[in-house]
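Peer 1: Provided below: input_36.cif, containing mmCIF, C-alpha atoms.
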data_start
loop_
_atom_site.group_PDB
_atom_site.id
_atom_site.type_symbol
_atom_site.label_atom_id
_atom_site.label_comp_id
_atom_site.auth_asym_id
_atom_site.auth_seq_id
_atom_site.Cartn_x
_atom_site.Cartn_y
_atom_site.Cartn_z
ATOM 1 C CA MET B 1 -29.873 51.156 -98.496
ATOM 2 C CA HIS B 2 -26.891 53.356 -97.607
ATOM 3 C CA ALA B 3 -23.403 52.148 -98.498
ATOM 4 C CA ALA B 4 -20.387 52.709 -96.286
ATOM 5 C CA VAL B 5 -17.349 54.072 -98.118
ATOM 6 C CA GLU B 6 -13.877 53.331 -96.764
ATOM 7 C CA THR B 7 -10.614 54.769 -98.079
ATOM 8 C CA ILE B 8 -8.086 51.973 -98.542
ATOM 9 C CA ARG B 9 -4.487 51.765 -99.698
ATOM 10 C CA PHE B 10 -3.012 48.803 -101.531
ATOM 11 C CA PRO B 11 -0.032 47.968 -103.758
ATOM 12 C CA GLY B 12 -0.341 48.366 -107.508
ATOM 13 C CA ARG B 13 2.677 48.117 -109.809
ATOM 14 C CA PRO B 14 5.992 47.481 -108.012
ATOM 15 C CA GLY B 15 6.864 50.205 -105.536
ATOM 16 C CA ILE B 16 3.615 52.185 -105.870
ATOM 17 C CA MET B 17 0.841 52.394 -103.280
ATOM 18 C CA LEU B 18 -2.606 53.150 -104.661
ATOM 19 C CA THR B 19 -5.602 54.778 -103.014
ATOM 20 C CA GLY B 20 -9.138 53.559 -103.470
ATOM 21 C CA SER B 21 -12.647 54.009 -102.149
ATOM 22 C CA LEU B 22 -14.322 50.744 -101.138
ATOM 23 C CA HIS B 23 -18.136 50.845 -101.154
ATOM 24 C CA ARG B 24 -20.018 48.237 -99.108
ATOM 25 C CA SER B 25 -23.706 48.025 -98.273
ATOM 26 C CA GLY B 26 -23.337 46.016 -95.093
ATOM 27 C CA THR B 27 -25.549 43.323 -96.615
ATOM 28 C CA ASP B 28 -23.386 42.175 -99.492
ATOM 29 C CA VAL B 29 -25.592 39.755 -101.420
ATOM 30 C CA GLY B 30 -23.109 39.289 -104.225
ATOM 31 C CA GLY B 31 -21.511 36.445 -102.319
ATOM 32 C CA ASP B 32 -17.998 36.168 -103.624
ATOM 33 C CA VAL B 33 -18.362 38.777 -106.432
ATOM 34 C CA GLY B 34 -17.203 42.415 -106.272
ATOM 35 C CA VAL B 35 -16.714 45.276 -108.717
ATOM 36 C CA VAL B 36 -13.483 47.079 -109.680
ATOM 37 C CA VAL B 37 -14.042 50.490 -111.315
ATOM 38 C CA SER B 38 -11.191 51.954 -113.431
ATOM 39 C CA HIS B 39 -11.137 55.612 -114.487
ATOM 40 C CA GLY B 40 -9.957 57.102 -117.761
ATOM 41 C CA MET B 41 -6.541 58.424 -118.742
ATOM 42 C CA LEU B 42 -6.539 61.905 -117.192
ATOM 43 C CA SER B 43 -9.365 61.339 -114.715
ATOM 44 C CA ASP B 44 -9.418 59.926 -111.183
ATOM 45 C CA ARG B 45 -11.662 57.907 -108.893
ATOM 46 C CA THR B 46 -13.720 60.950 -107.819
ATOM 47 C CA SER B 47 -15.464 61.414 -111.170
ATOM 48 C CA THR B 48 -19.244 61.447 -110.798
ATOM 49 C CA LYS B 49 -19.573 58.501 -113.203
ATOM 50 C CA HIS B 50 -17.272 56.274 -111.134
ATOM 51 C CA VAL B 51 -18.837 57.296 -107.829
ATOM 52 C CA ALA B 52 -22.276 56.504 -109.284
ATOM 53 C CA ILE B 53 -21.192 53.083 -110.604
ATOM 54 C CA ALA B 54 -19.617 52.054 -107.282
ATOM 55 C CA THR B 55 -22.539 53.439 -105.254
ATOM 56 C CA ARG B 56 -25.067 51.554 -107.387
ATOM 57 C CA ALA B 57 -23.081 48.300 -107.234
ATOM 58 C CA ALA B 58 -22.914 48.527 -103.433
ATOM 59 C CA ALA B 59 -26.637 49.321 -103.233
ATOM 60 C CA MET B 60 -27.227 46.101 -105.183
ATOM 61 C CA GLY B 61 -25.142 44.205 -102.623
ATOM 62 C CA PHE B 62 -21.803 44.021 -104.427
ATOM 63 C CA PRO B 63 -18.691 45.502 -102.795
ATOM 64 C CA ALA B 64 -17.163 47.980 -105.241
ATOM 65 C CA LEU B 65 -13.680 49.465 -105.368
ATOM 66 C CA ARG B 66 -12.965 52.599 -107.393
ATOM 67 C CA PHE B 67 -9.295 53.556 -107.313
ATOM 68 C CA ASP B 68 -6.730 56.021 -108.607
ATOM 69 C CA PHE B 69 -4.083 54.715 -110.996
ATOM 70 C CA ALA B 70 -0.462 55.579 -110.186
ATOM 71 C CA GLY B 71 0.195 59.299 -110.627
ATOM 72 C CA ARG B 72 -3.491 60.247 -110.453
ATOM 73 C CA GLY B 73 -5.692 61.444 -107.614
ATOM 74 C CA ASP B 74 -4.419 60.332 -104.210
ATOM 75 C CA SER B 75 -2.204 57.473 -105.410
ATOM 76 C CA ALA B 76 1.584 57.665 -105.353
ATOM 77 C CA GLY B 77 3.522 58.356 -108.529
ATOM 78 C CA GLY B 78 3.708 61.074 -111.124
ATOM 79 C CA PRO B 79 2.767 61.850 -114.743
ATOM 80 C CA GLU B 80 5.584 59.598 -115.993
ATOM 81 C CA ASP B 81 3.690 56.600 -114.549
ATOM 82 C CA LEU B 82 1.033 56.829 -117.260
ATOM 83 C CA LEU B 83 1.932 53.536 -118.941
ATOM 84 C CA LEU B 84 -0.579 50.950 -120.117
ATOM 85 C CA GLY B 85 1.327 48.001 -118.639
ATOM 86 C CA GLY B 86 1.642 49.830 -115.329
ATOM 87 C CA GLU B 87 -2.076 50.528 -115.254
ATOM 88 C CA VAL B 88 -2.810 46.852 -115.909
ATOM 89 C CA ALA B 89 -0.608 46.028 -112.901
ATOM 90 C CA ASP B 90 -2.520 48.650 -110.882
ATOM 91 C CA CYS B 91 -5.874 47.127 -111.896
ATOM 92 C CA ARG B 92 -4.619 43.677 -110.946
ATOM 93 C CA GLY B 93 -3.618 45.190 -107.599
ATOM 94 C CA ALA B 94 -7.211 46.409 -107.148
ATOM 95 C CA VAL B 95 -8.514 42.915 -107.957
ATOM 96 C CA GLN B 96 -6.111 41.522 -105.345
ATOM 97 C CA ALA B 97 -7.230 44.149 -102.804
ATOM 98 C CA LEU B 98 -10.782 42.830 -103.163
ATOM 99 C CA ARG B 99 -9.535 39.232 -102.917
ATOM 100 C CA ASP B 100 -7.800 40.162 -99.672
ATOM 101 C CA ARG B 101 -11.246 41.202 -98.407
ATOM 102 C CA GLY B 102 -12.956 37.928 -99.336
ATOM 103 C CA VAL B 103 -14.059 38.702 -102.908
ATOM 104 C CA ARG B 104 -13.123 35.752 -105.140
ATOM 105 C CA ARG B 105 -14.431 37.008 -108.498
ATOM 106 C CA SER B 106 -14.452 40.540 -109.872
ATOM 107 C CA VAL B 107 -16.560 42.397 -112.393
ATOM 108 C CA LEU B 108 -14.225 44.863 -114.131
ATOM 109 C CA VAL B 109 -15.814 48.162 -115.184
ATOM 110 C CA GLY B 110 -13.630 50.649 -117.012
ATOM 111 C CA SER B 111 -14.215 53.944 -118.763
ATOM 112 C CA SER B 112 -12.100 55.246 -121.653
ATOM 113 C CA LEU B 113 -8.483 54.112 -121.087
ATOM 114 C CA GLY B 114 -9.733 52.409 -117.907
ATOM 115 C CA GLY B 115 -11.858 50.227 -120.202
ATOM 116 C CA THR B 116 -8.810 49.271 -122.229
ATOM 117 C CA VAL B 117 -6.962 48.482 -118.994
ATOM 118 C CA SER B 118 -9.948 46.420 -117.787
ATOM 119 C CA LEU B 119 -9.932 44.466 -121.078
ATOM 120 C CA LEU B 120 -6.222 43.676 -120.756
ATOM 121 C CA THR B 121 -6.679 42.754 -117.086
ATOM 122 C CA ALA B 122 -9.628 40.464 -117.861
ATOM 123 C CA ALA B 123 -7.457 38.637 -120.385
ATOM 124 C CA LEU B 124 -4.897 37.933 -117.621
ATOM 125 C CA GLU B 125 -7.071 37.300 -114.566
ATOM 126 C CA PRO B 126 -8.768 33.877 -114.513
ATOM 127 C CA ASP B 127 -11.477 34.804 -111.997
ATOM 128 C CA VAL B 128 -13.124 37.747 -113.768
ATOM 129 C CA ALA B 129 -16.891 37.280 -113.584
ATOM 130 C CA ALA B 130 -17.754 39.930 -116.194
ATOM 131 C CA LEU B 131 -16.290 42.878 -118.096
ATOM 132 C CA VAL B 132 -17.868 46.263 -118.871
ATOM 133 C CA THR B 133 -16.028 48.727 -121.104
ATOM 134 C CA ILE B 134 -17.303 52.262 -121.631
ATOM 135 C CA ALA B 135 -15.886 54.229 -124.603
ATOM 136 C CA ALA B 136 -12.654 52.226 -124.469
ATOM 137 C CA PRO B 137 -9.984 52.868 -127.125
ATOM 138 C CA SER B 138 -9.223 49.751 -129.128
ATOM 139 C CA ARG B 139 -6.443 51.128 -131.303
ATOM 140 C CA LEU B 140 -3.460 52.182 -129.269
ATOM 141 C CA PRO B 141 -1.150 53.889 -129.303
ATOM 142 C CA GLU B 142 -1.977 56.262 -132.157
ATOM 143 C CA GLY B 143 -5.698 55.618 -132.679
ATOM 144 C CA PRO B 144 -7.208 58.214 -130.346
ATOM 145 C CA ARG B 145 -4.253 60.655 -130.245
ATOM 146 C CA ASP B 146 -5.617 63.012 -132.918
ATOM 147 C CA SER B 147 -9.025 63.302 -131.239
ATOM 148 C CA TRP B 148 -7.593 64.103 -127.780
ATOM 149 C CA GLY B 149 -6.714 67.681 -128.737
ATOM 150 C CA GLU B 150 -5.049 69.747 -125.996
ATOM 151 C CA SER B 151 -5.146 66.924 -123.424
ATOM 152 C CA ALA B 152 -2.800 64.878 -125.649
ATOM 153 C CA ARG B 153 0.013 67.174 -124.491
ATOM 154 C CA GLU B 154 -0.402 65.835 -120.936
ATOM 155 C CA VAL B 155 0.352 62.311 -122.145
ATOM 156 C CA PRO B 156 4.066 61.434 -121.997
ATOM 157 C CA ASP B 157 5.665 60.097 -125.185
ATOM 158 C CA ALA B 158 6.622 56.969 -123.240
ATOM 159 C CA PHE B 159 2.913 56.091 -123.056
ATOM 160 C CA TYR B 160 2.645 55.773 -126.830
ATOM 161 C CA ALA B 161 5.898 53.814 -127.128
ATOM 162 C CA GLU B 162 4.961 51.370 -124.344
ATOM 163 C CA ALA B 163 1.390 50.931 -125.606
ATOM 164 C CA ARG B 164 2.812 49.238 -128.710
ATOM 165 C CA ASN B 165 3.701 46.270 -126.479
ATOM 166 C CA HIS B 166 0.022 45.384 -125.982
ATOM 167 C CA ASP B 167 -2.063 43.454 -128.517
ATOM 168 C CA LEU B 168 -5.618 44.584 -127.784
ATOM 169 C CA GLU B 169 -7.170 42.436 -130.511
ATOM 170 C CA ALA B 170 -5.540 39.282 -129.123
ATOM 171 C CA ALA B 171 -6.624 40.227 -125.600
ATOM 172 C CA ALA B 172 -10.197 40.823 -126.792
ATOM 173 C CA ALA B 173 -10.242 37.489 -128.611
ATOM 174 C CA GLY B 174 -9.237 35.779 -125.357
ATOM 175 C CA ILE B 175 -12.066 37.166 -123.215
ATOM 176 C CA ARG B 176 -14.204 34.271 -121.934
ATOM 177 C CA CYS B 177 -16.501 36.071 -119.502
ATOM 178 C CA PRO B 178 -19.657 38.040 -120.358
ATOM 179 C CA TRP B 179 -18.634 41.422 -121.814
ATOM 180 C CA LEU B 180 -20.818 44.518 -122.161
ATOM 181 C CA ILE B 181 -19.446 47.156 -124.545
ATOM 182 C CA VAL B 182 -20.942 50.646 -124.142
ATOM 183 C CA HIS B 183 -19.895 53.221 -126.735
ATOM 184 C CA GLY B 184 -21.649 56.302 -128.103
ATOM 185 C CA ALA B 185 -22.009 56.417 -131.872
ATOM 186 C CA GLU B 186 -21.088 60.123 -131.878
ATOM 187 C CA ASP B 187 -18.162 59.975 -129.432
ATOM 188 C CA GLU B 188 -15.555 62.458 -130.674
ATOM 189 C CA VAL B 189 -12.891 61.709 -128.051
ATOM 190 C CA VAL B 190 -12.836 57.947 -128.688
ATOM 191 C CA PRO B 191 -14.603 57.525 -132.057
ATOM 192 C CA LEU B 192 -16.773 54.455 -132.462
ATOM 193 C CA GLU B 193 -14.624 53.019 -135.222
#
Please rewrite the model in this file as structure tokens.

Peer 2:
Amino acid sequence: MHAAVETIRFPGRPGIMLTGSLHRSGTDVGGDVGVVVSHGMLSDRTSTKHVAIATRAAAMGFPALRFDFAGRGDSAGGPEDLLLGGEVADCRGAVQALRDRGVRRSVLVGSSLGGTVSLLTAALEPDVAALVTIAAPSRLPEGPRDSWGESAREVPDAFYAEARNHDLEAAAAGIRCPWLIVHGAEDEVVPLE
């Protein structure tokens, strides 16, 4: 079954319009459930992993939205918009964009920092059907910084300062939906511990 892919724009954090790719099969069997796919820190929605996840979800009958966070890909904003709280607002905007299209409950799928954002979003959104995190950092702000190497220079200092405002352990303890954690035991970018 071939999925149609539509480029959509929707509001994320205040004042920022985001760009996403909405995958639909034409025979959505998921009923009122859709999938929101969140990319990692310095990635965007065009990564092969995110395209594959959204394509597969749509082929299974679930509308799927992969989107660019503010300052990434085709979304408005700049490098200074890389803030954890802002990305949570962007993810909530993606959930709302699906709601606006008739999807009542979302499965949040996030990779790397997108997984951390999905976790924080799931703790705030009452209608999350399930959560999938892939190699998501659990110790911010300093936890993964040493393992990021050269790419750490692309991360503004404000990211680390603002990340201290988020209690990931408390958010994780509050998750009430099914949660699949995928993490490689030999991951050097986001170590398993």

Peer 1: Can you translate the PyMOL selection byres ((chain B and resi 165) around 10) into the concrete residues it hits in this file, as a list of chain:residue names?

Peer 2: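 Listing what the PyMOL selection byres ((chain B and resi 165) around 10) selects in the shown file: B:Leu84, B:Gly85, B:Leu140, B:Pro141, B:Tyr160, B:Ala161, B:Glu162, B:Ala163, B:Arg164, B:His166, B:Asp167, B:Leu168.
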
Peer 1: As a check of understanding, name the residues that the PyMOL selection byres ((chain B and resi 79) around 12) selects in the supplied structure, as a PyMOL selection string.

Peer 2: chain B and resi 41-42+69-73+75-78+80-83+153-159

Peer 1: Report as a PyMOL selection string the full result of the PyMOL selection byres ((chain B and resi 50-65) around 10) when it is applied to this structure.

Peer 2: chain B and resi 1-8+19-40+44-49+66-67+94-95+97-98+101+103+106-111

Peer 1: Provide the atom CA of B:Asp68 to atom CA of B:Leu18 distance in Å, to one decimal place.

Peer 2: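 Calculated distance between atom CA of B:Asp68 and atom CA of B:Leu18 is 6.4 Å.
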
Peer 1: Looking at B:Ala170, B:Val88, B:Val117, B:Ala185, which one is nearest to B:Pro137, with distances taken over all atoms listed in the file?

Peer 2: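 Closest candidate: B:Val117.
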
Peer 1: Rank B:Gly93, B:Gly184, B:Gly86, B:Gly102 by their smallest atom-to-atom distance to B:Phe10, using all atoms listed in the file, and report the top residue only.

Peer 2: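 Among the listed residues, B:Gly93 lies closest to B:Phe10.
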